[in-house]
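Next comes model.txt, with compact mmCIF, C-alpha atoms and all ligand atoms.
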```
# COMPACT_ATOMS: atom_id res chain seq x y z
CA MET V 9 -28.80 3.31 8.53
CA ARG V 10 -26.52 0.73 6.87
CA VAL V 11 -22.88 1.84 6.80
CA GLY V 12 -19.77 -0.13 6.04
CA ILE V 13 -16.96 -0.99 3.65
CA HIS V 14 -17.90 -0.23 0.08
CA ASP V 15 -14.69 -1.31 -1.67
CA LEU V 16 -11.09 -2.04 -0.70
CA ALA V 17 -7.68 -2.43 -2.34
CA VAL V 18 -4.22 -3.59 -1.38
CA ALA V 19 -0.59 -2.54 -2.00
CA THR V 20 2.77 -3.68 -0.69
CA GLY V 21 6.52 -3.11 -1.01
CA HIS V 22 8.65 -3.63 -4.12
CA HIS V 23 10.86 -6.41 -2.71
CA VAL V 24 10.25 -9.72 -1.00
CA LEU V 25 12.55 -11.60 1.37
CA ASP V 26 12.06 -15.35 1.43
CA LEU V 27 12.12 -16.59 5.02
CA ASP V 28 14.06 -19.69 3.90
CA ASP V 29 16.93 -17.31 3.09
CA LEU V 30 16.66 -15.58 6.48
CA ALA V 31 16.51 -18.97 8.23
CA ALA V 32 19.69 -20.07 6.41
CA ARG V 33 21.44 -16.84 7.39
CA ASN V 34 20.33 -17.15 11.03
CA GLY V 35 21.09 -20.90 11.24
CA VAL V 36 17.46 -21.60 12.12
CA ASP V 37 15.30 -24.52 10.97
CA PRO V 38 13.01 -22.93 8.30
CA ALA V 39 10.08 -24.84 9.86
CA LYS V 40 10.35 -22.50 12.85
CA TYR V 41 9.30 -19.64 10.57
CA HIS V 42 6.87 -21.51 8.32
CA VAL V 43 5.17 -23.59 11.03
CA GLY V 44 6.23 -22.04 14.36
CA LEU V 45 5.35 -18.48 13.25
CA GLY V 46 3.18 -19.31 10.23
CA GLN V 47 5.05 -16.99 7.87
CA ASP V 48 6.66 -17.63 4.47
CA ALA V 49 8.14 -14.29 3.40
CA PHE V 50 7.97 -10.57 4.06
CA SER V 51 7.72 -7.49 1.87
CA VAL V 52 10.58 -5.00 1.94
CA PRO V 53 9.96 -1.47 0.62
CA ALA V 54 12.49 -0.14 -1.90
CA ALA V 55 14.56 2.94 -1.07
CA ASP V 56 11.97 5.11 -2.86
CA GLU V 57 8.93 3.65 -1.05
CA ASP V 58 7.42 4.33 2.35
CA ILE V 59 4.02 4.31 4.07
CA VAL V 60 2.86 7.22 1.91
CA THR V 61 3.68 5.61 -1.45
CA MET V 62 2.18 2.27 -0.40
CA GLY V 63 -0.92 3.91 1.08
CA ALA V 64 -1.53 6.08 -1.98
CA ALA V 65 -0.94 3.06 -4.24
CA ALA V 66 -3.61 1.12 -2.33
CA ALA V 67 -6.06 4.04 -2.55
CA LEU V 68 -5.53 4.82 -6.24
CA PRO V 69 -7.71 1.98 -7.65
CA LEU V 70 -10.55 3.06 -5.34
CA ILE V 71 -10.40 6.60 -6.72
CA GLU V 72 -10.22 5.23 -10.28
CA ARG V 73 -13.24 2.98 -9.68
CA HIS V 74 -15.45 5.36 -7.68
CA GLY V 75 -14.22 8.90 -8.35
CA THR V 76 -13.83 11.50 -5.62
CA ASP V 77 -17.45 12.61 -5.17
CA GLY V 78 -18.51 12.65 -1.54
CA ILE V 79 -14.98 12.10 -0.18
CA ARG V 80 -14.63 14.83 2.44
CA THR V 81 -12.41 12.89 4.84
CA VAL V 82 -9.13 11.00 4.44
CA LEU V 83 -8.02 9.04 7.50
CA PHE V 84 -4.48 7.61 7.37
CA ALA V 85 -3.69 5.03 10.03
CA THR V 86 -0.06 4.19 10.64
CA GLU V 87 2.39 3.53 13.40
CA SER V 88 5.43 4.04 11.16
CA GLY V 89 4.72 7.70 10.49
CA VAL V 90 7.29 9.76 8.61
CA ASP V 91 6.64 13.16 10.18
CA GLN V 92 5.85 14.21 13.73
CA SER V 93 3.46 16.95 12.63
CA LYS V 94 2.25 16.77 9.04
CA SER V 95 -0.05 13.85 8.46
CA ALA V 96 0.59 11.21 5.81
CA ALA V 97 -3.10 11.75 4.98
CA VAL V 98 -2.40 15.24 3.64
CA VAL V 99 0.39 13.95 1.39
CA ALA V 100 -1.72 11.04 0.12
CA HIS V 101 -4.63 13.43 -0.43
CA GLY V 102 -2.40 15.53 -2.70
CA LEU V 103 -0.91 12.57 -4.57
CA LEU V 104 -4.39 11.21 -5.25
CA GLY V 105 -5.70 14.55 -6.53
CA LEU V 106 -8.55 14.70 -4.02
CA PRO V 107 -10.65 17.87 -3.73
CA SER V 108 -9.43 20.57 -1.33
CA THR V 109 -12.84 20.39 0.38
CA ALA V 110 -11.71 17.56 2.61
CA ARG V 111 -10.18 16.94 6.03
CA ALA V 112 -7.06 14.76 6.20
CA VAL V 113 -5.79 13.28 9.46
CA GLU V 114 -3.32 10.63 10.66
CA LEU V 115 -4.30 8.22 13.46
CA LYS V 116 -2.02 6.25 15.75
CA GLN V 117 -2.45 3.51 18.32
CA ALA V 118 -0.05 0.80 17.16
CA CYS V 119 -1.80 -1.77 14.93
CA TYR V 120 -5.23 -0.70 16.16
CA GLY V 121 -5.16 2.60 14.20
CA GLY V 122 -6.82 1.18 11.07
CA THR V 123 -9.81 0.00 13.04
CA ALA V 124 -9.98 3.32 14.92
CA ALA V 125 -10.16 4.98 11.50
CA LEU V 126 -12.89 2.61 10.36
CA VAL V 127 -15.00 3.33 13.45
CA ALA V 128 -14.50 7.10 13.07
CA ALA V 129 -15.46 6.81 9.40
CA LEU V 130 -18.65 4.92 10.26
CA GLY V 131 -19.63 7.80 12.55
CA ILE V 132 -18.88 10.45 9.92
CA VAL V 133 -21.00 8.65 7.32
CA ALA V 134 -23.83 8.02 9.80
CA ARG V 135 -23.85 11.79 10.48
CA ASP V 136 -24.19 12.59 6.78
CA PRO V 137 -24.81 9.58 4.50
CA ARG V 138 -23.93 11.64 1.42
CA GLU V 139 -20.30 11.56 2.54
CA ARG V 140 -17.77 8.83 1.93
CA VAL V 141 -14.55 8.41 3.89
CA LEU V 142 -11.29 7.18 2.40
CA VAL V 143 -9.42 5.13 5.00
CA ILE V 144 -5.79 4.19 4.37
CA ALA V 145 -3.89 1.83 6.67
CA SER V 146 -0.22 1.56 5.76
CA ASP V 147 2.83 0.38 7.67
CA VAL V 148 6.37 -0.87 7.52
CA ALA V 149 7.06 -3.27 10.40
CA ARG V 150 10.71 -2.98 11.43
CA TYR V 151 12.56 -4.67 14.25
CA ASP V 152 16.27 -4.83 14.99
CA LEU V 153 18.37 -7.08 12.78
CA ASP V 154 19.17 -10.45 14.40
CA SER V 155 16.36 -10.05 16.96
CA ALA V 156 13.74 -12.75 17.66
CA ALA V 157 11.17 -10.44 16.07
CA GLU V 158 13.11 -9.99 12.79
CA PRO V 159 11.22 -12.74 10.88
CA THR V 160 7.92 -11.04 11.77
CA GLN V 161 8.71 -7.83 9.87
CA GLY V 162 6.78 -6.85 6.75
CA ALA V 163 5.07 -4.06 4.86
CA GLY V 164 1.73 -3.40 3.28
CA ALA V 165 -1.23 -1.09 2.88
CA VAL V 166 -4.97 -1.50 2.55
CA ALA V 167 -7.29 1.33 1.53
CA PHE V 168 -11.06 1.22 1.78
CA LEU V 169 -14.03 3.45 1.20
CA VAL V 170 -16.57 3.70 3.98
CA ALA V 171 -20.04 4.58 2.69
CA ALA V 172 -23.76 4.29 3.32
CA ASP V 173 -25.43 1.26 1.74
CA PRO V 174 -22.04 -0.40 1.08
CA ASP V 175 -21.41 -3.00 -1.61
CA LEU V 176 -19.06 -5.21 0.45
CA ILE V 177 -19.69 -5.31 4.19
CA GLU V 178 -22.23 -3.73 6.47
CA ILE V 179 -20.57 -3.15 9.85
CA GLU V 180 -22.88 -3.88 12.78
CA PRO V 181 -23.26 -1.16 15.43
CA ALA V 182 -22.12 -3.06 18.55
CA SER V 183 -18.45 -3.67 19.20
CA GLY V 184 -16.36 -5.03 22.06
CA LEU V 185 -13.57 -2.87 23.49
CA PHE V 186 -10.53 -3.44 25.70
CA SER V 187 -7.72 -1.06 26.66
CA ALA V 188 -4.85 -1.65 29.10
CA ASP V 189 -1.58 0.26 29.53
CA VAL V 190 1.05 -2.41 28.77
CA ASP V 191 4.69 -2.09 27.66
CA ASP V 192 4.57 -5.02 25.23
CA PHE V 193 5.64 -3.19 22.07
CA TRP V 194 6.44 0.46 21.41
CA ARG V 195 8.69 2.70 19.32
CA PRO V 196 10.24 5.71 21.06
CA ASN V 197 10.62 8.86 18.95
CA ASP V 198 14.36 8.40 18.49
CA ARG V 199 14.08 4.89 17.04
CA SER V 200 13.20 3.54 13.61
CA THR V 201 12.73 0.01 14.95
CA ALA V 202 10.21 -1.13 17.54
CA LEU V 203 11.09 -2.36 21.02
CA VAL V 204 9.17 -5.43 22.03
CA ASP V 205 8.67 -7.85 24.89
CA GLY V 206 7.62 -10.77 22.70
CA ARG V 207 6.14 -13.06 25.35
CA LEU V 208 4.23 -10.22 27.03
CA SER V 209 2.92 -9.09 23.64
CA VAL V 210 1.44 -12.52 22.97
CA SER V 211 -0.38 -12.66 26.31
CA ALA V 212 -1.48 -8.99 26.06
CA TYR V 213 -2.99 -9.77 22.63
CA VAL V 214 -4.92 -12.73 24.04
CA ASP V 215 -6.12 -10.66 27.02
CA ALA V 216 -7.39 -8.00 24.62
CA LEU V 217 -9.31 -10.53 22.51
CA LEU V 218 -10.98 -12.11 25.53
CA GLY V 219 -11.67 -8.70 27.09
CA SER V 220 -13.20 -7.42 23.84
CA TRP V 221 -15.35 -10.52 23.54
CA ASP V 222 -16.58 -10.16 27.12
CA ASP V 223 -17.40 -6.49 26.55
CA LEU V 224 -19.37 -7.34 23.41
CA ALA V 225 -21.20 -10.07 25.36
CA ASP V 226 -22.02 -7.58 28.16
CA ARG V 227 -23.53 -5.27 25.57
CA GLY V 228 -25.95 -7.87 24.28
CA GLY V 229 -23.36 -9.62 22.14
CA ILE V 230 -23.78 -12.48 19.77
CA ALA V 231 -23.43 -16.20 20.26
CA PRO V 232 -20.15 -17.80 19.12
CA ALA V 233 -22.16 -19.94 16.69
CA ASP V 234 -23.57 -16.81 15.01
CA ILE V 235 -20.10 -15.87 13.74
CA ASP V 236 -19.39 -17.49 10.38
CA ARG V 237 -15.79 -16.36 9.83
CA TRP V 238 -13.07 -14.90 12.07
CA LEU V 239 -10.40 -12.43 11.06
CA HIS V 240 -7.70 -11.47 13.53
CA HIS V 241 -4.84 -9.01 13.49
CA GLN V 242 -1.91 -11.08 12.21
CA PRO V 243 1.56 -9.95 13.36
CA PHE V 244 2.42 -13.52 12.33
CA THR V 245 -0.37 -15.88 11.43
CA LYS V 246 0.34 -18.33 14.27
CA MET V 247 -0.61 -15.50 16.65
CA ALA V 248 -4.16 -15.57 15.30
CA LEU V 249 -4.29 -19.32 15.94
CA LYS V 250 -3.02 -18.91 19.50
CA ALA V 251 -5.57 -16.20 20.23
CA HIS V 252 -8.42 -18.07 18.59
CA ARG V 253 -7.58 -21.21 20.55
CA ALA V 254 -7.75 -19.18 23.79
CA TRP V 255 -11.07 -17.65 22.72
CA SER V 256 -12.52 -21.08 21.86
CA LYS V 257 -11.59 -22.33 25.33
CA HIS V 258 -13.00 -19.15 26.90
CA VAL V 259 -16.43 -19.59 25.29
CA GLY V 260 -16.46 -23.40 25.15
CA ALA V 261 -16.48 -23.53 21.34
CA GLU V 262 -14.77 -26.14 19.18
CA PHE V 263 -11.47 -25.04 17.68
CA ASP V 264 -10.81 -25.93 14.08
CA GLU V 265 -7.65 -24.18 12.95
CA THR V 266 -8.33 -24.76 9.26
CA GLU V 267 -11.20 -22.25 9.54
CA LEU V 268 -8.73 -19.37 9.76
CA ALA V 269 -6.43 -20.46 6.94
CA THR V 270 -8.00 -18.50 4.05
CA GLY V 271 -7.60 -15.21 5.94
CA PHE V 272 -3.88 -15.99 6.34
CA THR V 273 -3.18 -16.21 2.61
CA TYR V 274 -1.85 -12.69 2.01
CA ASN V 275 -0.34 -12.03 5.44
CA ARG V 276 1.84 -15.17 5.22
CA ARG V 277 3.48 -13.53 2.21
CA THR V 278 3.64 -9.83 3.23
CA GLY V 279 4.58 -10.23 6.89
CA ASN V 280 3.24 -7.87 9.51
CA SER V 281 1.66 -4.76 8.03
CA TYR V 282 0.58 -3.47 11.47
CA THR V 283 -2.53 -1.26 10.90
CA ALA V 284 -3.28 -2.94 7.57
CA SER V 285 -2.90 -6.52 8.79
CA VAL V 286 -6.49 -7.34 9.76
CA PHE V 287 -7.76 -5.68 6.56
CA LEU V 288 -5.30 -7.70 4.50
CA ALA V 289 -6.86 -10.75 6.13
CA LEU V 290 -10.27 -9.38 5.15
CA ALA V 291 -9.10 -8.84 1.57
CA ALA V 292 -7.90 -12.44 1.37
CA LEU V 293 -11.16 -13.81 2.74
CA LEU V 294 -13.31 -11.76 0.36
CA ASP V 295 -11.10 -12.72 -2.59
CA LEU V 296 -10.82 -16.42 -1.86
CA ASP V 297 -13.90 -17.62 0.06
CA ASP V 298 -16.80 -18.42 -2.31
CA ASP V 299 -19.44 -18.77 0.37
CA LEU V 300 -19.74 -15.43 2.13
CA ASP V 301 -23.12 -14.10 0.94
CA GLY V 302 -24.93 -12.79 4.04
CA ARG V 303 -22.30 -14.33 6.36
CA ARG V 304 -21.28 -12.63 9.60
CA LEU V 305 -17.58 -11.86 9.98
CA ALA V 306 -15.83 -11.05 13.25
CA LEU V 307 -12.85 -8.69 12.90
CA PHE V 308 -10.51 -8.50 15.86
CA SER V 309 -8.00 -5.69 15.89
CA TYR V 310 -5.15 -5.51 18.42
CA GLY V 311 -2.75 -2.61 18.84
CA SER V 312 0.06 -3.05 21.32
CA GLY V 313 0.20 -0.79 24.24
CA SER V 314 -2.75 -1.77 24.16
CA VAL V 315 -6.19 -1.46 22.56
CA GLY V 316 -8.38 -4.23 21.20
CA GLU V 317 -11.68 -3.98 19.37
CA LEU V 318 -13.96 -6.69 18.09
CA LEU V 319 -16.30 -5.64 15.28
CA THR V 320 -18.77 -7.71 13.33
CA GLY V 321 -20.09 -7.21 9.83
CA ILE V 322 -22.35 -8.86 7.31
CA VAL V 323 -21.02 -9.60 3.83
CA LYS V 324 -23.29 -8.23 1.12
CA PRO V 325 -24.63 -10.60 -1.50
CA GLY V 326 -22.84 -9.86 -4.73
CA TYR V 327 -19.41 -9.39 -3.11
CA ARG V 328 -18.02 -11.96 -5.56
CA ALA V 329 -18.45 -9.52 -8.44
CA LEU V 330 -16.01 -7.13 -6.69
CA ARG V 331 -13.26 -9.65 -6.03
CA ARG V 332 -9.73 -9.05 -7.23
CA ALA V 333 -7.84 -12.16 -6.18
CA GLY V 334 -5.89 -12.27 -9.44
CA GLN V 335 -4.70 -8.70 -9.00
CA VAL V 336 -3.47 -9.25 -5.45
CA ALA V 337 -1.77 -12.54 -6.39
CA GLY V 338 -0.14 -10.68 -9.30
CA LEU V 339 1.02 -7.90 -6.99
CA LEU V 340 2.59 -10.38 -4.56
CA ASP V 341 4.13 -12.50 -7.33
CA ALA V 342 5.60 -9.40 -9.02
CA ARG V 343 7.68 -8.41 -5.99
CA VAL V 344 11.38 -8.55 -6.70
CA PRO V 345 13.26 -11.04 -4.49
CA ILE V 346 15.96 -9.45 -2.36
CA SER V 347 19.00 -11.19 -0.90
CA VAL V 348 19.59 -11.16 2.84
CA ASP V 349 22.69 -8.95 2.35
CA ASP V 350 20.76 -6.40 0.28
CA TYR V 351 17.84 -6.45 2.72
CA ARG V 352 20.24 -5.79 5.61
CA GLU V 353 21.75 -2.88 3.72
CA LEU V 354 18.29 -1.38 3.05
CA HIS V 355 17.31 -1.96 6.67
CA ALA V 356 20.35 -0.02 7.88
CA ALA V 357 19.72 2.82 5.42
CA THR V 358 15.99 3.20 6.01
CA SER V 359 15.48 6.38 7.91
CA THR V 360 13.10 9.22 8.46
CA SER V 361 16.12 11.56 8.43
CA SER V 362 15.52 15.08 7.11
CA GLU V 363 18.95 15.22 5.43
CA ALA V 364 18.80 16.28 1.78
CA ARG V 365 18.99 13.36 -0.64
CA GLN V 366 17.69 11.93 -3.89
CA ASN V 367 16.44 8.37 -3.75
CA PRO V 368 17.29 5.92 -6.52
CA ALA V 369 14.37 5.13 -8.85
CA VAL V 370 13.47 1.52 -8.02
CA THR V 371 9.77 1.04 -7.40
CA THR V 372 7.38 0.08 -10.18
CA GLY V 373 4.44 1.27 -8.07
CA PRO V 374 2.39 4.33 -9.04
CA PHE V 375 4.09 6.69 -6.55
CA ARG V 376 7.71 7.32 -5.52
CA PHE V 377 9.36 8.89 -2.52
CA THR V 378 11.86 10.83 -4.61
CA GLY V 379 13.95 12.30 -1.81
CA VAL V 380 14.27 15.11 0.72
CA GLU V 381 14.67 18.81 -0.11
CA ALA V 382 15.06 21.52 2.53
CA GLY V 383 13.95 18.96 5.10
CA ALA V 384 10.69 18.15 3.28
CA ARG V 385 9.95 14.73 1.83
CA ARG V 386 9.17 14.82 -1.88
CA TYR V 387 6.90 12.40 -3.73
CA ALA V 388 5.94 11.93 -7.37
CA ARG V 389 3.53 9.99 -9.53
CA THR V 390 5.37 7.45 -11.70
CA GLU V 391 2.73 7.06 -14.39
CA PRO V 392 0.20 9.43 -15.94
CA THR V 393 -3.21 9.70 -14.28
CA PRO V 394 -5.67 7.55 -16.25
CA ASN V 395 -8.69 9.42 -17.68
P1 LIG K 401 10.82 -16.70 19.29
O1 LIG K 401 12.01 -16.45 20.14
O2 LIG K 401 11.02 -17.08 17.89
O3 LIG K 401 9.84 -17.74 20.02
O4 LIG K 401 9.92 -15.40 19.33
P2 LIG K 401 9.89 -19.30 20.15
O5 LIG K 401 11.30 -19.77 20.29
O6 LIG K 401 8.91 -19.60 21.22
O7 LIG K 401 9.34 -19.89 18.75
C1 LIG K 401 8.14 -19.50 18.17
C2 LIG K 401 7.33 -20.76 17.82
O8 LIG K 401 8.06 -21.54 16.88
C3 LIG K 401 7.04 -21.67 19.01
O9 LIG K 401 5.72 -22.15 18.83
C4 LIG K 401 8.03 -22.81 18.81
O10 LIG K 401 7.60 -24.04 19.39
C5 LIG K 401 8.04 -22.91 17.31
P3 LIG K 401 4.60 -21.87 19.95
O11 LIG K 401 5.06 -22.51 21.19
O12 LIG K 401 4.54 -20.38 20.10
O13 LIG K 401 3.36 -22.47 19.38
N1 LIG K 401 9.21 -23.60 16.75
C6 LIG K 401 9.14 -24.49 15.76
N2 LIG K 401 8.10 -24.97 15.04
C7 LIG K 401 8.37 -25.88 14.06
N3 LIG K 401 9.62 -26.32 13.78
C8 LIG K 401 10.68 -25.86 14.46
C9 LIG K 401 10.46 -24.92 15.50
N4 LIG K 401 11.27 -24.26 16.36
C10 LIG K 401 10.49 -23.47 17.12
N5 LIG K 401 11.91 -26.31 14.15
C11 LIG K 401 8.04 -13.98 19.04
C12 LIG K 401 8.57 -15.37 18.86
C13 LIG K 401 6.61 -13.93 18.56
C14 LIG K 401 8.07 -13.61 20.53
C15 LIG K 401 8.93 -12.99 18.23
O14 LIG K 401 8.85 -13.30 16.87
C16 LIG K 401 8.53 -11.54 18.42
O15 LIG K 401 8.93 -10.89 19.38
N6 LIG K 401 7.73 -10.98 17.46
C17 LIG K 401 7.27 -9.58 17.52
C18 LIG K 401 6.16 -9.36 18.51
C19 LIG K 401 4.83 -9.89 18.04
O16 LIG K 401 4.58 -10.05 16.85
N7 LIG K 401 3.91 -10.12 18.99
C20 LIG K 401 2.58 -10.56 18.67
C21 LIG K 401 1.52 -9.99 19.59
S1 LIG K 401 1.64 -8.21 19.72
C22 LIG K 401 0.87 -7.62 18.28
O17 LIG K 401 0.23 -8.34 17.60
C23 LIG K 401 1.07 -6.18 17.98
C24 LIG K 401 2.09 -5.88 16.90
O18 LIG K 401 1.58 -6.23 15.63
C25 LIG K 401 2.47 -4.41 16.94
C26 LIG K 401 1.39 -3.39 17.09
O19 LIG K 401 0.34 -3.53 17.65
O20 LIG K 401 1.70 -2.29 16.71
C27 LIG K 401 3.38 -6.65 17.07
```

Mind converting the file's structure to structure tokens?
Ligand code: HMG
Amino acid sequence: MRVGIHDLAVATGHHVLDLDDLAARNGVDPAKYHVGLGQDAFSVPAADEDIVTMGAAAALPLIERHGTDGIRTVLFATESGVDQSKSAAVVAHGLLGLPSTARAVELKQACYGGTAALVAALGIVARDPRERVLVIASDVARYDLDSAAEPTQGAGAVAFLVAADPDLIEIEPASGLFSADVDDFWRPNDRSTALVDGRLSVSAYVDALLGSWDDLADRGGIAPADIDRWLHHQPFTKMALKAHRAWSKHVGAEFDETELATGFTYNRRTGNSYTASVFLALAALLDLDDDLDGRRLALFSYGSGSVGELLTGIVKPGYRALRRAGQVAGLLDARVPISVDDYRELHAATSTSSEARQNPAVTTGPFRFTGVEAGARRYARTEPTPN
């Protein structure tokens, strides 16, 4: 049974903060952000955007291209959830007009949640190949203002359809796993920004990659030379380089950092999108690498706390016909620049508070978070549903 990713699409926030502006504000050499962290900018959601609007916006083109037939499961991965009980999957399901004959669930384990959803989806489709699963990974990465982690914020969503006989990538059955209880990054229930031990998080990430590789090797594994392209979770793109350097040393492979650069293209501009990050790297690779027919990809997902998983997949011949590089570039270029002062104001205001309010109409995306009524978040479509 061949199961994998049939199609995928990307969305992000309305605004963009240029890291040159943040560097100037913080009195930091901009090279620290561009070279030291490997980031150029980050997306900032408008006041009427959140994980639900971004996630639904990413999923909408998939529904328009493939319809809803066979979709009986919606899995929404996020670590910046907006409700402690009701899943963002149920809200996205409603906004997208999916059939009521579906299950809708939210998954959480820091940035690993998107990959957990992918693996669950593979199992659901293997059980009944007539079914397709809509996976949405959507996050807003928020740290305290003026913290060392501030330049590694960001926002974005990736949605993908998991199906039998997929058009894009066939995911191979074996994977490498690694879990360890570590306090490297977490967000207590009373906080809207994450707490993080930056140095520990970097070493915990590397431990998870090496542990996942070793587990895959113990299960029969594949030789380093049999992997054609690597995609890593990218909290900041330099992290992927650090981890890949450690892996190269671990297995005695040569390390050529230019090999990872294509997969960095979108993440450098969106910043950390937590659960979506490794899939944004995948989107960039599929859009921009012309030589992927039949190639084996390795996808490493890391979620602080911590869980790592290393999956491999084979790119289907014909993937080039499904590429949408122009659309993603257009989406990123169309973001409205925001000043550091305005970003700081939005950062202070952003809240999952249940106080009644109406949000200003700002986003040009297909869905809006219109406000809160009687404690419930309200959303709306901003353009008519295409026929
Ligand atoms: P920092 O204080 O900026 O660290 O914090 P730094 O002073 O060591 O500088 C960073 C790099 O910039 C260093 O390079 C410097 O040399 C370089 P490195 O030694 O690392 O190769 N640098 C310069 N380069 C060029 N020109 C210059 C210059 N100055 C300095 N002028 C830290 C960095 C990552 C700790 C901070 O940003 C942070 O806490 N970020 C958030 C945590 C994070 O992203 N951790 C990554 C692993 S955990 C993870 O991936 C999970 C996560 O996504 C969440 C989840 O799972 O849910 C976060």

List the neighbours of Arg207 in chain V out to 12 Å using all atoms listed in the file; skip same-chain residues closer than 2 positions along the sequence, and give me the result as a ChimeraX atom specification. /V:156-157,191-193,204-205,209-214,247

Around ligand LIG 401 (chain K), at most 6 Å away and counting all atoms listed in the file, which residues are there? Put them as a list of chain:residue names, please. V:Asp37, V:Ala39, V:Lys40, V:Val43, V:Gly44, V:Leu45, V:Ala118, V:Cys119, V:Ala156, V:Ala157, V:Thr160, V:Gly206, V:Arg207, V:Ser209, V:Val210, V:Tyr213, V:Pro243, V:Tyr282, V:Tyr310, V:Gly311, V:Ser312

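Here CA of Gly102 in chain V and CA of Tyr387 in chain V stand 9.9 Å from one another.
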
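Restricting the calculation to all atoms listed in the file, the smallest distance between Glu267 in chain V and any of V:Leu83, V:Leu249, V:Ala167, V:Ala129 is found for V:Leu249.
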
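Proximity to Ile132 in chain V was assessed for V:Arg195, V:His101, V:Arg80, V:Lys94 counting all atoms listed in the file; the smallest distance is recorded for V:Arg80.
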
Quick one: everything within 10 Å of Ser362 in chain V, counting all atoms listed in the file, minus sequence neighbours fewer than 5 positions away in the same chain. Send it as a tab-separated table (two decimals) with C-alpha atoms, in the frame of the given file.
```
chain	number	residue	atom	x	y	z
V	90	VAL	CA	7.29	9.76	8.61
V	91	ASP	CA	6.64	13.16	10.18
V	379	GLY	CA	13.95	12.30	-1.81
V	380	VAL	CA	14.27	15.11	0.72
V	381	GLU	CA	14.67	18.81	-0.11
V	382	ALA	CA	15.06	21.52	2.53
V	383	GLY	CA	13.95	18.96	5.10
V	384	ALA	CA	10.69	18.15	3.28
V	385	ARG	CA	9.95	14.73	1.83
```

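Note that the spacing between CA of Ser51 in chain V and CA of Val99 in chain V amounts to 22.7 Å.
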
Which residue gives the smallest distance to Glu57 in chain V among V:Arg304, V:Arg389, V:Lys257, V:Arg331, with all atoms listed in the file counted? V:Arg389

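Put simply, CA of Ser347 in chain V is 12.1 Å away from CA of Phe50 in chain V.
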
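Nearest-residue note for Ala124 in chain V: choosing from V:Gln242, V:Ser309, V:Thr76, V:Ser220, the minimum distance belongs to V:Ser309, counting only C-alpha atoms.
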
Centre, edges in Å (one decimal): axis-aligned box, range 96-112 of chain V, 4 Å padding on all six sides, as JSON:
```
{"center_x": -6.1, "center_y": 15.8, "center_z": -0.2, "size_x": 21.4, "size_y": 17.5, "size_z": 20.7}
```

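Take the candidates V:Arg365, V:Arg140, V:Arg135, V:Arg303 and check each one against Gly12 in chain V using all atoms listed in the file; the shortest distance goes to V:Arg140.
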
I'd like the contact shell of Glu353 in chain V - 12 Å cut-off, only C-alpha atoms, skipping same-chain residues fewer than 5 positions apart - returned as a CSV table (one decimal) with C-alpha atoms, keeping the file's coordinate frame.
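As a result, part-v7.csv now contains:
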```
chain,number,residue,atom,x,y,z
V,52,VAL,CA,10.6,-5.0,1.9
V,54,ALA,CA,12.5,-0.1,-1.9
V,55,ALA,CA,14.6,2.9,-1.1
V,153,LEU,CA,18.4,-7.1,12.8
V,346,ILE,CA,16.0,-9.4,-2.4
V,347,SER,CA,19.0,-11.2,-0.9
V,348,VAL,CA,19.6,-11.2,2.8
V,358,THR,CA,16.0,3.2,6.0
V,359,SER,CA,15.5,6.4,7.9
```

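Remark: for Ala149 in chain V, the closest of the candidate residues V:Ser256, V:Thr266, V:Thr20, V:Thr201 is V:Thr201 (distances computed over all atoms listed in the file).
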
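Here the selection is built from only C-alpha atoms, and the residues within 12 Å of (-10.3, -5.8, -8.9) turn out to be Asp15, Leu16, Ala17, Val18, Ala66, Leu68, Pro69, Leu70, Glu72, Arg73, Ala291, Leu294, Asp295, Tyr327, Arg328, Ala329, Leu330, Arg331, Arg332, Ala333, Gly334, Gln335, Val336, Ala337, Gly338 and Leu339 of chain V.
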
Around the point (-6.9, 7.1, 6.2) in the file's coordinates, collect all residues with an atom within 7 Å, using only C-alpha atoms, and return them as a ChimeraX atom specification. /V:82-85,97,114,125,142-145

So that I can check the surroundings of Val286 in chain V, please list as a list in words every protein, DNA and RNA residue that reaches within 6 Å of it, counting only C-alpha atoms and ignoring chain neighbours fewer than 3 positions away. His240, His241 and Ala289 of chain V
